$ cat entry_26.tsv   # TSV, C-alpha atoms
chain	number	residue	atom	x	y	z
V	1	MET	CA	33.29	14.69	-20.42
V	2	GLU	CA	30.40	15.83	-18.22
V	3	ALA	CA	27.95	14.28	-20.68
V	4	LEU	CA	29.80	10.97	-20.52
V	5	LEU	CA	29.74	11.12	-16.72
V	6	ARG	CA	25.98	11.70	-16.74
V	7	LEU	CA	25.56	8.82	-19.19
V	8	TRP	CA	27.61	6.52	-16.96
V	9	GLN	CA	25.60	7.53	-13.88
V	10	SER	CA	22.38	6.67	-15.71
V	11	LEU	CA	23.52	3.09	-16.41
V	12	GLY	CA	22.28	0.25	-14.26
V	13	ILE	CA	25.76	-1.24	-13.86
V	14	ALA	CA	27.02	2.01	-12.33
V	15	ASN	CA	24.27	1.99	-9.70
V	16	LEU	CA	24.02	-1.74	-8.99
V	17	GLU	CA	24.69	-2.43	-5.30
V	18	PRO	CA	25.90	-5.76	-3.92
V	19	GLY	CA	22.61	-6.32	-2.09
V	20	GLN	CA	20.63	-5.80	-5.29
V	21	ALA	CA	22.85	-8.25	-7.15
V	22	LEU	CA	22.38	-10.78	-4.33
V	23	MET	CA	18.58	-10.47	-4.41
V	24	MET	CA	18.57	-10.78	-8.20
V	25	GLY	CA	20.46	-14.02	-7.65
V	26	VAL	CA	17.76	-15.10	-5.17
V	27	GLY	CA	15.14	-14.36	-7.83
V	28	GLY	CA	17.13	-16.48	-10.28
V	29	VAL	CA	17.23	-19.37	-7.79
V	30	LEU	CA	13.44	-19.16	-7.36
V	31	LEU	CA	13.01	-19.28	-11.14
V	32	TYR	CA	15.33	-22.29	-11.30
V	33	LEU	CA	13.33	-24.14	-8.63
V	34	ALA	CA	10.09	-23.33	-10.46
V	35	ILE	CA	11.23	-24.20	-13.99
V	36	ALA	CA	13.83	-26.95	-13.53
V	37	LYS	CA	12.49	-28.58	-10.34
V	38	GLN	CA	8.81	-27.62	-10.84
V	39	PHE	CA	8.40	-26.51	-7.21
V	40	GLU	CA	5.10	-24.57	-7.19
V	41	PRO	CA	5.83	-22.82	-10.52
V	42	LEU	CA	2.57	-20.87	-10.42
V	43	LEU	CA	3.94	-19.09	-7.35
V	44	LEU	CA	7.69	-19.07	-7.79
V	45	VAL	CA	7.83	-17.86	-11.42
V	46	PRO	CA	6.07	-14.53	-10.69
V	47	ILE	CA	7.77	-14.18	-7.28
V	48	GLY	CA	11.23	-14.82	-8.73
V	49	PHE	CA	10.68	-12.51	-11.68
V	50	GLY	CA	9.22	-9.86	-9.38
V	51	ALA	CA	12.37	-10.09	-7.24
V	52	ILE	CA	14.53	-9.39	-10.28
V	53	LEU	CA	12.34	-6.49	-11.40
V	54	SER	CA	12.28	-4.86	-7.96
V	55	ASN	CA	16.11	-4.86	-7.72
V	56	ILE	CA	16.83	-3.20	-11.06
V	57	PRO	CA	18.71	0.01	-10.13
V	58	LEU	CA	16.90	3.33	-10.73
V	59	ALA	CA	13.82	1.64	-12.25
V	60	GLY	CA	11.66	1.83	-9.11
V	61	ILE	CA	9.36	-0.92	-10.35
V	62	GLY	CA	8.77	-2.23	-6.85
V	63	GLY	CA	8.44	1.20	-5.23
V	64	PRO	CA	5.24	3.07	-4.36
V	65	GLU	CA	4.99	4.52	-7.87
V	66	GLY	CA	6.16	1.40	-9.71
V	67	LEU	CA	3.85	-1.12	-11.34
V	68	ILE	CA	4.31	-4.06	-8.97
V	69	GLY	CA	4.57	-1.69	-6.01
V	70	MET	CA	1.11	-0.36	-6.83
V	71	ILE	CA	-0.21	-3.91	-7.31
V	72	TYR	CA	1.10	-4.69	-3.82
V	73	ALA	CA	-0.65	-1.66	-2.32
V	74	VAL	CA	-3.97	-2.42	-4.03
V	75	GLY	CA	-4.19	-6.16	-3.50
V	76	VAL	CA	-1.94	-7.20	-0.61
V	77	GLU	CA	-2.04	-4.29	1.83
V	78	THR	CA	-5.83	-4.19	1.59
V	79	GLY	CA	-6.14	-7.96	2.04
V	80	ILE	CA	-8.23	-8.36	-1.14
V	81	PHE	CA	-5.92	-10.84	-2.89
V	82	PRO	CA	-5.90	-13.40	-0.03
V	83	LEU	CA	-9.69	-13.42	0.16
V	84	LEU	CA	-10.05	-13.90	-3.61
V	85	ILE	CA	-7.48	-16.71	-3.44
V	86	PHE	CA	-9.54	-18.38	-0.72
V	87	MET	CA	-12.63	-18.18	-2.93
V	88	GLY	CA	-10.70	-19.88	-5.73
V	89	VAL	CA	-9.32	-22.53	-3.35
V	90	GLY	CA	-12.87	-23.29	-2.20
V	91	ALA	CA	-14.03	-23.65	-5.80
V	92	LEU	CA	-11.13	-25.99	-6.59
V	93	THR	CA	-11.40	-28.13	-3.46
V	94	ASP	CA	-13.39	-31.30	-3.02
V	95	PHE	CA	-14.21	-31.68	0.68
V	96	SER	CA	-15.54	-35.24	0.22
V	97	ALA	CA	-12.50	-36.85	1.88
V	98	LEU	CA	-13.01	-34.72	4.99
V	99	ILE	CA	-16.76	-35.34	5.03
V	100	ALA	CA	-16.22	-39.09	4.63
V	101	ARG	CA	-13.67	-39.20	7.48
V	102	PRO	CA	-14.40	-36.28	9.87
V	103	SER	CA	-11.75	-37.51	12.31
V	104	THR	CA	-9.07	-36.10	9.98
V	105	LEU	CA	-10.07	-32.69	11.32
V	106	LEU	CA	-7.89	-33.61	14.29
V	107	LEU	CA	-4.88	-33.95	11.99
V	108	GLY	CA	-5.52	-30.51	10.51
V	109	ALA	CA	-5.88	-29.09	14.01
V	110	ALA	CA	-2.70	-30.77	15.28
V	111	ALA	CA	-0.66	-29.33	12.42
V	112	GLN	CA	-1.54	-25.83	13.63
V	113	PHE	CA	0.45	-26.47	16.82
V	114	GLY	CA	3.49	-25.03	15.08
V	115	ILE	CA	1.73	-21.68	14.86
V	116	PHE	CA	1.30	-21.27	18.59
V	117	ALA	CA	4.73	-22.72	19.42
V	118	THR	CA	6.36	-20.23	17.07
V	119	LEU	CA	4.46	-17.32	18.62
V	120	LEU	CA	6.40	-18.03	21.80
V	121	GLY	CA	9.60	-18.40	19.78
V	122	ALA	CA	9.14	-14.98	18.19
V	123	LEU	CA	8.71	-13.39	21.60
V	124	ALA	CA	11.79	-15.25	22.86
V	125	LEU	CA	13.86	-13.71	20.04
V	126	ASN	CA	13.41	-10.35	21.77
V	127	LEU	CA	16.07	-11.51	24.22
V	128	ILE	CA	18.60	-11.14	21.37
V	129	PRO	CA	19.75	-7.55	20.69
V	130	GLY	CA	18.35	-6.24	17.41
V	131	PHE	CA	14.93	-7.89	17.70
V	132	GLY	CA	11.87	-6.13	19.01
V	133	PHE	CA	8.78	-8.11	18.03
V	134	SER	CA	5.51	-7.10	19.66
V	135	LEU	CA	2.79	-9.64	20.49
V	136	GLN	CA	1.02	-8.67	17.27
V	137	ASP	CA	4.23	-9.13	15.28
V	138	ALA	CA	4.80	-12.55	16.85
V	139	ALA	CA	1.26	-13.66	16.03
V	140	ALA	CA	1.63	-12.58	12.40
V	141	ILE	CA	4.99	-14.39	12.09
V	142	ALA	CA	3.66	-17.56	13.73
V	143	ILE	CA	0.91	-18.03	11.14
V	144	ILE	CA	3.63	-18.96	8.61
V	145	GLY	CA	3.60	-22.40	10.28
V	146	GLY	CA	0.24	-23.13	8.68
V	147	ALA	CA	1.93	-23.13	5.24
V	148	ASP	CA	-0.96	-21.01	3.98
V	149	GLY	CA	0.19	-17.92	2.11
V	150	PRO	CA	-3.21	-16.18	1.79
V	151	THR	CA	-3.92	-16.60	5.51
V	152	ALA	CA	-0.45	-15.30	6.40
V	153	ILE	CA	-0.97	-12.21	4.24
V	154	PHE	CA	-4.48	-11.62	5.61
V	155	LEU	CA	-3.33	-11.78	9.24
V	156	ALA	CA	-0.13	-9.78	8.73
V	157	SER	CA	-2.01	-6.99	6.94
V	158	ARG	CA	-4.07	-6.54	10.09
V	159	LEU	CA	-1.56	-7.21	12.86
V	160	ALA	CA	1.88	-6.29	11.46
V	161	PRO	CA	1.67	-4.38	8.15
V	162	GLU	CA	5.34	-3.37	8.39
V	163	LEU	CA	6.37	-7.06	8.39
V	164	LEU	CA	3.92	-8.11	5.68
V	165	GLY	CA	6.47	-8.38	2.89
V	166	ALA	CA	8.87	-10.65	4.78
V	167	ILE	CA	6.02	-12.80	6.14
V	168	ALA	CA	4.48	-13.21	2.68
V	169	VAL	CA	7.82	-14.19	1.14
V	170	ALA	CA	8.52	-16.70	3.93
V	171	ALA	CA	5.04	-18.24	3.78
V	172	TYR	CA	5.06	-18.76	0.02
V	173	SER	CA	8.67	-19.91	-0.02
V	174	TYR	CA	7.96	-22.67	2.49
V	175	MET	CA	4.77	-23.64	0.66
V	176	ALA	CA	6.88	-24.16	-2.45
V	177	LEU	CA	9.54	-26.12	-0.54
V	178	VAL	CA	7.08	-28.65	0.94
V	179	PRO	CA	8.60	-31.52	-1.16
V	180	ILE	CA	12.02	-30.79	0.36
V	181	ILE	CA	11.12	-29.98	3.98
V	182	GLN	CA	8.45	-32.55	4.81
V	183	PRO	CA	9.75	-35.99	3.70
V	184	PRO	CA	12.75	-36.14	6.11
V	185	ILE	CA	10.48	-35.24	9.05
V	186	MET	CA	7.90	-37.83	7.98
V	187	ARG	CA	10.50	-40.59	7.66
V	188	ALA	CA	12.17	-39.71	10.96
V	189	LEU	CA	8.91	-39.95	12.93
V	190	THR	CA	7.46	-43.11	11.36
V	191	THR	CA	8.55	-46.70	10.94
V	192	PRO	CA	8.66	-48.50	7.56
V	193	ALA	CA	5.69	-50.62	8.68
V	194	GLU	CA	3.64	-47.53	9.55
V	195	ARG	CA	4.44	-45.89	6.21
V	196	ALA	CA	3.29	-49.02	4.39
V	197	VAL	CA	-0.19	-49.10	5.99
V	198	ILE	CA	-2.87	-49.30	3.27
V	199	MET	CA	-6.06	-47.48	4.25
V	200	GLN	CA	-9.58	-48.61	3.40
V	201	GLN	CA	-11.46	-46.90	0.59
V	202	LEU	CA	-13.50	-43.87	1.71
V	203	ARG	CA	-17.29	-44.09	1.68
V	204	PRO	CA	-19.21	-42.26	-1.10
V	205	VAL	CA	-20.38	-38.76	-0.16
V	206	SER	CA	-23.78	-37.57	-1.38
V	207	ARG	CA	-24.41	-34.30	-3.21
V	208	VAL	CA	-26.60	-33.08	-0.35
V	209	GLU	CA	-23.72	-33.58	2.11
V	210	ARG	CA	-21.35	-31.66	-0.16
V	211	ILE	CA	-23.79	-28.75	-0.46
V	212	LEU	CA	-24.57	-28.63	3.26
V	213	PHE	CA	-20.93	-28.79	4.35
V	214	PRO	CA	-19.89	-25.20	3.40
V	215	LEU	CA	-23.15	-23.82	4.81
V	216	VAL	CA	-22.73	-25.62	8.14
V	217	LEU	CA	-19.07	-24.59	8.33
V	218	LEU	CA	-19.96	-20.93	7.74
V	219	PHE	CA	-22.76	-21.10	10.30
V	220	LEU	CA	-20.40	-22.50	12.95
V	221	CYS	CA	-17.82	-19.82	12.12
V	222	ALA	CA	-20.45	-17.07	12.45
V	223	LEU	CA	-21.51	-18.42	15.84
V	224	LEU	CA	-18.13	-19.24	17.36
V	225	LEU	CA	-15.37	-17.24	15.64
V	226	PRO	CA	-16.60	-14.23	13.64
V	227	SER	CA	-13.04	-12.90	13.30
V	228	ALA	CA	-12.31	-15.79	10.89
V	229	ALA	CA	-15.45	-15.08	8.83
V	230	PRO	CA	-13.69	-13.24	5.95
V	231	LEU	CA	-11.45	-16.24	5.20
V	232	ILE	CA	-13.95	-18.99	6.00
V	233	GLY	CA	-16.70	-17.05	4.24
V	234	MET	CA	-14.83	-16.79	0.94
V	235	LEU	CA	-13.66	-20.42	1.20
V	236	THR	CA	-17.18	-21.71	1.74
V	237	PHE	CA	-18.63	-19.40	-0.93
V	238	GLY	CA	-16.19	-20.76	-3.50
V	239	ASN	CA	-16.97	-24.34	-2.45
V	240	LEU	CA	-20.71	-23.72	-2.69
V	241	LEU	CA	-20.21	-22.44	-6.25
V	242	ARG	CA	-18.55	-25.78	-6.98
V	243	GLU	CA	-21.06	-28.07	-5.30
V	244	CYS	CA	-24.44	-26.45	-5.94
V	245	GLY	CA	-24.30	-27.31	-9.66
V	246	VAL	CA	-26.35	-24.34	-10.91
V	247	VAL	CA	-23.66	-21.67	-11.44
V	248	ASP	CA	-21.14	-23.40	-13.68
V	249	ARG	CA	-19.96	-20.13	-15.25
V	250	LEU	CA	-19.21	-18.57	-11.88
V	251	ASN	CA	-17.56	-21.79	-10.69
V	252	ARG	CA	-15.30	-21.91	-13.76
V	253	ALA	CA	-14.42	-18.24	-13.32
V	254	ALA	CA	-13.49	-18.76	-9.66
V	255	GLN	CA	-11.43	-21.87	-10.54
V	256	ASN	CA	-9.65	-20.38	-13.54
V	257	GLU	CA	-9.71	-16.71	-14.56
V	258	ILE	CA	-10.07	-15.11	-11.13
V	259	ILE	CA	-7.60	-17.26	-9.18
V	260	ASN	CA	-5.10	-17.25	-12.08
V	261	VAL	CA	-5.10	-13.46	-12.41
V	262	VAL	CA	-4.88	-12.96	-8.64
V	263	THR	CA	-2.08	-15.54	-8.32
V	264	LEU	CA	-0.14	-13.76	-11.08
V	265	PHE	CA	-0.46	-10.34	-9.48
V	266	LEU	CA	0.07	-11.70	-5.96
V	267	GLY	CA	3.34	-13.37	-6.99
V	268	LEU	CA	4.66	-10.18	-8.58
V	269	ALA	CA	3.57	-8.15	-5.55
V	270	ILE	CA	5.38	-10.50	-3.16
V	271	GLY	CA	8.44	-10.34	-5.40
V	272	SER	CA	8.42	-6.56	-5.02
V	273	LYS	CA	9.25	-7.07	-1.32
V	274	LEU	CA	12.41	-8.96	-2.20
V	275	SER	CA	14.22	-5.72	-2.86
V	276	ALA	CA	17.58	-5.51	-1.09
V	277	GLU	CA	16.75	-2.54	1.14
V	278	LYS	CA	13.59	-4.22	2.46
V	279	PHE	CA	14.67	-7.83	2.65
V	280	LEU	CA	18.28	-7.82	3.85
V	281	SER	CA	17.66	-7.03	7.50
V	282	LEU	CA	18.06	-8.88	10.81
V	283	GLU	CA	14.31	-8.97	11.43
V	284	THR	CA	13.63	-10.50	8.02
V	285	LEU	CA	16.21	-13.23	8.61
V	286	GLY	CA	14.63	-13.91	12.00
V	287	ILE	CA	11.20	-14.21	10.35
V	288	LEU	CA	12.57	-16.69	7.78
V	289	GLY	CA	14.12	-18.80	10.54
V	290	LEU	CA	10.99	-18.76	12.68
V	291	GLY	CA	8.85	-19.59	9.65
V	292	ALA	CA	10.94	-22.67	8.91
V	293	LEU	CA	10.70	-23.72	12.56
V	294	ALA	CA	6.93	-23.22	12.57
V	295	PHE	CA	6.49	-25.29	9.42
V	296	CYS	CA	8.66	-28.13	10.75
V	297	ILE	CA	6.83	-28.19	14.08
V	298	GLY	CA	3.45	-28.19	12.31
V	299	THR	CA	4.49	-31.11	10.10
V	300	ALA	CA	5.84	-33.06	13.07
V	301	ALA	CA	2.71	-32.42	15.16
V	302	GLY	CA	0.49	-33.65	12.34
V	303	VAL	CA	2.52	-36.86	11.93
V	304	LEU	CA	2.53	-37.50	15.69
V	305	MET	CA	-1.26	-37.07	15.79
V	306	GLY	CA	-1.41	-39.51	12.87
V	307	LYS	CA	0.63	-42.02	14.91
V	308	LEU	CA	-1.82	-41.62	17.79
V	309	MET	CA	-4.77	-42.23	15.47
V	310	HIS	CA	-2.89	-45.23	14.05
V	311	ARG	CA	-2.70	-46.72	17.54
V	312	LEU	CA	-6.29	-45.87	18.51
V	313	THR	CA	-7.76	-47.33	15.31
V	314	GLY	CA	-5.78	-50.55	15.53
V	315	GLY	CA	-3.52	-49.68	12.62
V	316	GLN	CA	-6.19	-48.50	10.16
V	317	VAL	CA	-4.75	-44.99	9.75
V	318	ASN	CA	-1.43	-44.38	8.02
V	319	PRO	CA	0.44	-41.79	10.16
V	320	LEU	CA	1.88	-40.15	7.04
V	321	ILE	CA	-1.42	-38.44	6.26
V	322	GLY	CA	-0.92	-36.28	9.35
V	323	ALA	CA	1.81	-34.38	7.47
V	324	ALA	CA	-0.90	-33.15	5.08
V	325	GLY	CA	-2.50	-31.28	7.98
V	326	VAL	CA	-0.54	-28.20	6.95
V	327	SER	CA	-2.66	-26.34	4.45
V	328	ALA	CA	-0.39	-26.37	1.39
V	329	VAL	CA	-3.13	-27.72	-0.90
V	330	PRO	CA	-2.64	-30.05	-2.72
V	331	MET	CA	1.18	-30.18	-2.55
V	332	ALA	CA	1.30	-31.64	0.98
V	333	ALA	CA	-1.15	-34.41	0.02
V	334	ARG	CA	0.97	-35.25	-3.05
V	335	VAL	CA	4.10	-35.47	-0.89
V	336	VAL	CA	2.30	-37.85	1.49
V	337	ASN	CA	1.25	-39.99	-1.47
V	338	LYS	CA	4.82	-40.05	-2.80
V	339	VAL	CA	6.35	-41.12	0.54
V	340	GLY	CA	3.63	-43.77	0.92
V	341	LEU	CA	4.40	-45.19	-2.54
V	342	GLU	CA	8.08	-45.41	-1.59
V	343	ALA	CA	7.12	-47.75	1.26
V	344	ASP	CA	4.67	-49.79	-0.85
V	345	PRO	CA	4.14	-49.27	-4.62
V	346	HIS	CA	0.44	-50.12	-4.14
V	347	ASN	CA	-0.13	-47.67	-1.28
V	348	PHE	CA	-2.11	-44.76	-2.76
V	349	LEU	CA	-2.74	-42.21	-0.01
V	350	LEU	CA	-3.68	-39.14	-2.06
V	351	MET	CA	-7.43	-39.13	-1.38
V	352	HIS	CA	-6.92	-40.05	2.28
V	353	ALA	CA	-4.38	-37.22	2.64
V	354	MET	CA	-6.79	-34.71	1.09
V	355	GLY	CA	-8.97	-34.95	4.22
V	356	PRO	CA	-6.36	-33.52	6.62
V	357	ASN	CA	-5.08	-31.26	3.85
V	358	VAL	CA	-8.37	-29.39	3.46
V	359	ALA	CA	-8.82	-29.59	7.24
V	360	GLY	CA	-5.52	-27.72	7.44
V	361	VAL	CA	-6.93	-24.93	5.28
V	362	ILE	CA	-9.83	-24.59	7.69
V	363	GLY	CA	-7.50	-24.95	10.66
V	364	SER	CA	-5.16	-22.18	9.53
V	365	ALA	CA	-8.11	-19.84	8.97
V	366	VAL	CA	-9.44	-20.68	12.44
V	367	ALA	CA	-5.98	-20.13	13.95
V	368	ALA	CA	-5.83	-16.73	12.25
V	369	GLY	CA	-9.25	-15.89	13.65
V	370	VAL	CA	-8.18	-16.92	17.16
V	371	LEU	CA	-5.04	-14.77	16.94
V	372	LEU	CA	-7.06	-11.82	15.64
V	373	ALA	CA	-9.55	-12.20	18.48
V	374	LEU	CA	-6.79	-12.47	21.10
V	375	VAL	CA	-4.26	-9.84	20.02
V	376	GLY	CA	-5.91	-7.87	17.19
$ encode --input "entry_26.tsv" --output "structure tokens"
Amino acid sequence: MEALLRLWQSLGIANLEPGQALMMGVGGVLLYLAIAKQFEPLLLVPIGFGAILSNIPLAGIGGPEGLIGMIYAVGVETGIFPLLIFMGVGALTDFSALIARPSTLLLGAAAQFGIFATLLGALALNLIPGFGFSLQDAAAIAIIGGADGPTAIFLASRLAPELLGAIAVAAYSYMALVPIIQPPIMRALTTPAERAVIMQQLRPVSRVERILFPLVLLFLCALLLPSAAPLIGMLTFGNLLRECGVVDRLNRAAQNEIINVVTLFLGLAIGSKLSAEKFLSLETLGILGLGALAFCIGTAAGVLMGKLMHRLTGGQVNPLIGAAGVSAVPMAARVVNKVGLEADPHNFLLMHAMGPNVAGVIGSAVAAGVLLALVG
């Protein structure tokens, strides 16, 4: 009888808690969104599977001595994974649209407004019993509004390590949900005529311009905002590998093997923080709510700046491209293109939206640098 009791106590079903079952269900939902709906599958498949693994009773896979727990400690807590991701993003990104139309930097900058608005919102939550966010915590939470997972992880690892898991989950979740969150905001803030505006073709950008761009950007960062140099430095290094044309092997490695391996491990590591005991808390729910608010405000600010540019240019700029100012590359630009095609089947906005989209990547890194300089 005692042996049977010990056997029963060693079974997962005997030790499964309601919270663990709930978080396994959350992992299943993430897998469904990735596989059936194809919402950022490269992120949500490993995150969802990691959530299931980390909630298996007695296994300890997501704990300090578990596999994905150790991956989290090595790559996320140290900030190495976000920087390697930024190198890969730089290698994958063509900055020609931004170079051809530098004014779209304003759209990327406007979309970062959600970050600073949410910083105040996080501090305001302290008026509710149960919340106790410091200024550093609020800054780390606010960066979710940039819809840039690597930047959110980088900043949280330095300002609020204890909140890193919840912030990482929120940032990547909202990145994946861009096709659901953004279109209603875009339609609400624009008229059918504005959405149907067809923009002129961008001018050709020379190879010399493409090579000089990452170098000039890094130089300006070094002079004006050194705290953002880790992120901007890896972004510009990856882009230089792409544009210089003499290191094809390194460029291919940054675009493929390195970023794929890091994305795989990063997703599993984030999933390890979806364990019931770490995720089901009042603070985590507050972070998720604030993250959604930040992302919505950032999207709205980008669209409103797009409307202003539409007026100032005599109707040459489609306001929809302002929504791509959040740095979810290239998902936000694809969403802009889709909404534009709904208004006019001949209205292809993808390349025009890539300008503010890559500006948003730069903008989120700059915002992180500003927050580090102010409260770090």
$ closest_residue --input "entry_26.tsv" --among "V:Leu374, V:Thr284, V:Ile143, V:Val178" --to "Glu162 (chain V)" --atoms "only C-alpha atoms"
V:Thr284
$ residues_near_point --input "entry_26.tsv" --point "(7.8, -0.2, -8.0)" --cutoff "12 Å" --atoms "all atoms listed in the file" --output "PyMOL selection string"
chain V and resi 50-73+268-275
$ residues_around --input "entry_26.tsv" --residues "Leu320 (chain V)" --least-positions-apart "6" --cutoff "9 Å" --atoms "all atoms listed in the file" --output "JSON, numbers by chain"
{"V": [186, 187, 190, 194, 195, 302, 303, 306, 307, 336, 337, 339, 340, 349, 353]}
$ residues_near_point --input "entry_26.tsv" --point "(5.9, -32.3, 18.5)" --cutoff "12 Å" --atoms "all atoms listed in the file" --output "list in words"
Ala110, Ala111, Gln112, Phe113, Gly114, Ile115, Phe116, Ala117, Ile185, Leu189, Leu293, Ala294, Phe295, Cys296, Ile297, Gly298, Thr299, Ala300, Ala301, Gly302, Val303, Leu304, Met305, Gly306, Lys307 and Ala323 of chain V
$ atom_distance --input "entry_26.tsv" --atom1 "CA of Leu42 (chain V)" --atom2 "CA of Asn256 (chain V)"
12.6 Å
$ closest_residue --input "entry_26.tsv" --among "V:Val76, V:Met331, V:Leu372, V:Leu220" --to "Gly165 (chain V)" --atoms "all atoms listed in the file"
V:Val76
$ atom_distance --input "entry_26.tsv" --atom1 "CA of Gly48 (chain V)" --atom2 "CA of Gly28 (chain V)"
6.3 Å
$ closest_residue --input "entry_26.tsv" --among "V:Leu218, V:Leu371, V:Ile321, V:Ile80" --to "Ile141 (chain V)" --atoms "only C-alpha atoms"
V:Leu371
$ build_atoms --input "entry_26.tsv" --residues "region 191-213 of chain V" --atoms "N, CA and C atoms" --output "PDB file, keeping the file's coordinate frame"
ATOM      1  N   THR V 191       7.824 -45.479  11.261  1.00  0.00           N
ATOM      2  CA  THR V 191       8.550 -46.700  10.940  1.00  0.00           C
ATOM      3  C   THR V 191       8.181 -47.159   9.525  1.00  0.00           C
ATOM      4  N   PRO V 192       9.020 -47.988   8.890  1.00  0.00           N
ATOM      5  CA  PRO V 192       8.660 -48.500   7.560  1.00  0.00           C
ATOM      6  C   PRO V 192       7.303 -49.202   7.546  1.00  0.00           C
ATOM      7  N   ALA V 193       6.986 -49.929   8.617  1.00  0.00           N
ATOM      8  CA  ALA V 193       5.690 -50.620   8.680  1.00  0.00           C
ATOM      9  C   ALA V 193       4.537 -49.634   8.729  1.00  0.00           C
ATOM     10  N   GLU V 194       4.707 -48.544   9.480  1.00  0.00           N
ATOM     11  CA  GLU V 194       3.640 -47.530   9.550  1.00  0.00           C
ATOM     12  C   GLU V 194       3.454 -46.849   8.203  1.00  0.00           C
ATOM     13  N   ARG V 195       4.543 -46.563   7.516  1.00  0.00           N
ATOM     14  CA  ARG V 195       4.440 -45.890   6.210  1.00  0.00           C
ATOM     15  C   ARG V 195       3.791 -46.781   5.158  1.00  0.00           C
ATOM     16  N   ALA V 196       3.835 -48.084   5.369  1.00  0.00           N
ATOM     17  CA  ALA V 196       3.290 -49.020   4.390  1.00  0.00           C
ATOM     18  C   ALA V 196       1.820 -49.370   4.641  1.00  0.00           C
ATOM     19  N   VAL V 197       1.208 -48.792   5.678  1.00  0.00           N
ATOM     20  CA  VAL V 197      -0.190 -49.100   5.990  1.00  0.00           C
ATOM     21  C   VAL V 197      -1.092 -48.670   4.825  1.00  0.00           C
ATOM     22  N   ILE V 198      -1.912 -49.591   4.349  1.00  0.00           N
ATOM     23  CA  ILE V 198      -2.870 -49.300   3.270  1.00  0.00           C
ATOM     24  C   ILE V 198      -4.231 -49.047   3.902  1.00  0.00           C
ATOM     25  N   MET V 199      -4.803 -47.875   3.633  1.00  0.00           N
ATOM     26  CA  MET V 199      -6.060 -47.480   4.250  1.00  0.00           C
ATOM     27  C   MET V 199      -7.250 -47.942   3.403  1.00  0.00           C
ATOM     28  N   GLN V 200      -8.364 -48.176   4.090  1.00  0.00           N
ATOM     29  CA  GLN V 200      -9.580 -48.610   3.400  1.00  0.00           C
ATOM     30  C   GLN V 200     -10.157 -47.478   2.554  1.00  0.00           C
ATOM     31  N   GLN V 201     -10.848 -47.883   1.484  1.00  0.00           N
ATOM     32  CA  GLN V 201     -11.460 -46.900   0.590  1.00  0.00           C
ATOM     33  C   GLN V 201     -12.503 -46.072   1.343  1.00  0.00           C
ATOM     34  N   LEU V 202     -12.540 -44.759   1.054  1.00  0.00           N
ATOM     35  CA  LEU V 202     -13.500 -43.870   1.710  1.00  0.00           C
ATOM     36  C   LEU V 202     -14.910 -44.132   1.205  1.00  0.00           C
ATOM     37  N   ARG V 203     -15.894 -43.897   2.073  1.00  0.00           N
ATOM     38  CA  ARG V 203     -17.290 -44.090   1.680  1.00  0.00           C
ATOM     39  C   ARG V 203     -17.711 -43.015   0.677  1.00  0.00           C
ATOM     40  N   PRO V 204     -18.693 -43.294  -0.184  1.00  0.00           N
ATOM     41  CA  PRO V 204     -19.210 -42.260  -1.100  1.00  0.00           C
ATOM     42  C   PRO V 204     -19.900 -41.144  -0.318  1.00  0.00           C
ATOM     43  N   VAL V 205     -19.760 -39.935  -0.805  1.00  0.00           N
ATOM     44  CA  VAL V 205     -20.380 -38.760  -0.160  1.00  0.00           C
ATOM     45  C   VAL V 205     -21.463 -38.220  -1.091  1.00  0.00           C
ATOM     46  N   SER V 206     -22.644 -37.999  -0.557  1.00  0.00           N
ATOM     47  CA  SER V 206     -23.780 -37.570  -1.380  1.00  0.00           C
ATOM     48  C   SER V 206     -23.657 -36.090  -1.742  1.00  0.00           C
ATOM     49  N   ARG V 207     -24.390 -35.703  -2.775  1.00  0.00           N
ATOM     50  CA  ARG V 207     -24.410 -34.300  -3.210  1.00  0.00           C
ATOM     51  C   ARG V 207     -24.981 -33.402  -2.128  1.00  0.00           C
ATOM     52  N   VAL V 208     -25.995 -33.880  -1.425  1.00  0.00           N
ATOM     53  CA  VAL V 208     -26.600 -33.080  -0.350  1.00  0.00           C
ATOM     54  C   VAL V 208     -25.570 -32.788   0.736  1.00  0.00           C
ATOM     55  N   GLU V 209     -24.769 -33.792   1.099  1.00  0.00           N
ATOM     56  CA  GLU V 209     -23.720 -33.580   2.110  1.00  0.00           C
ATOM     57  C   GLU V 209     -22.723 -32.532   1.646  1.00  0.00           C
ATOM     58  N   ARG V 210     -22.337 -32.604   0.363  1.00  0.00           N
ATOM     59  CA  ARG V 210     -21.350 -31.660  -0.160  1.00  0.00           C
ATOM     60  C   ARG V 210     -21.901 -30.243  -0.201  1.00  0.00           C
ATOM     61  N   ILE V 211     -23.192 -30.086  -0.442  1.00  0.00           N
ATOM     62  CA  ILE V 211     -23.790 -28.750  -0.460  1.00  0.00           C
ATOM     63  C   ILE V 211     -23.948 -28.204   0.955  1.00  0.00           C
ATOM     64  N   LEU V 212     -24.343 -29.086   1.882  1.00  0.00           N
ATOM     65  CA  LEU V 212     -24.570 -28.630   3.260  1.00  0.00           C
ATOM     66  C   LEU V 212     -23.270 -28.298   3.981  1.00  0.00           C
ATOM     67  N   PHE V 213     -22.182 -28.964   3.612  1.00  0.00           N
ATOM     68  CA  PHE V 213     -20.930 -28.790   4.350  1.00  0.00           C
ATOM     69  C   PHE V 213     -20.479 -27.326   4.415  1.00  0.00           C
TER      70      PHE V 213
END
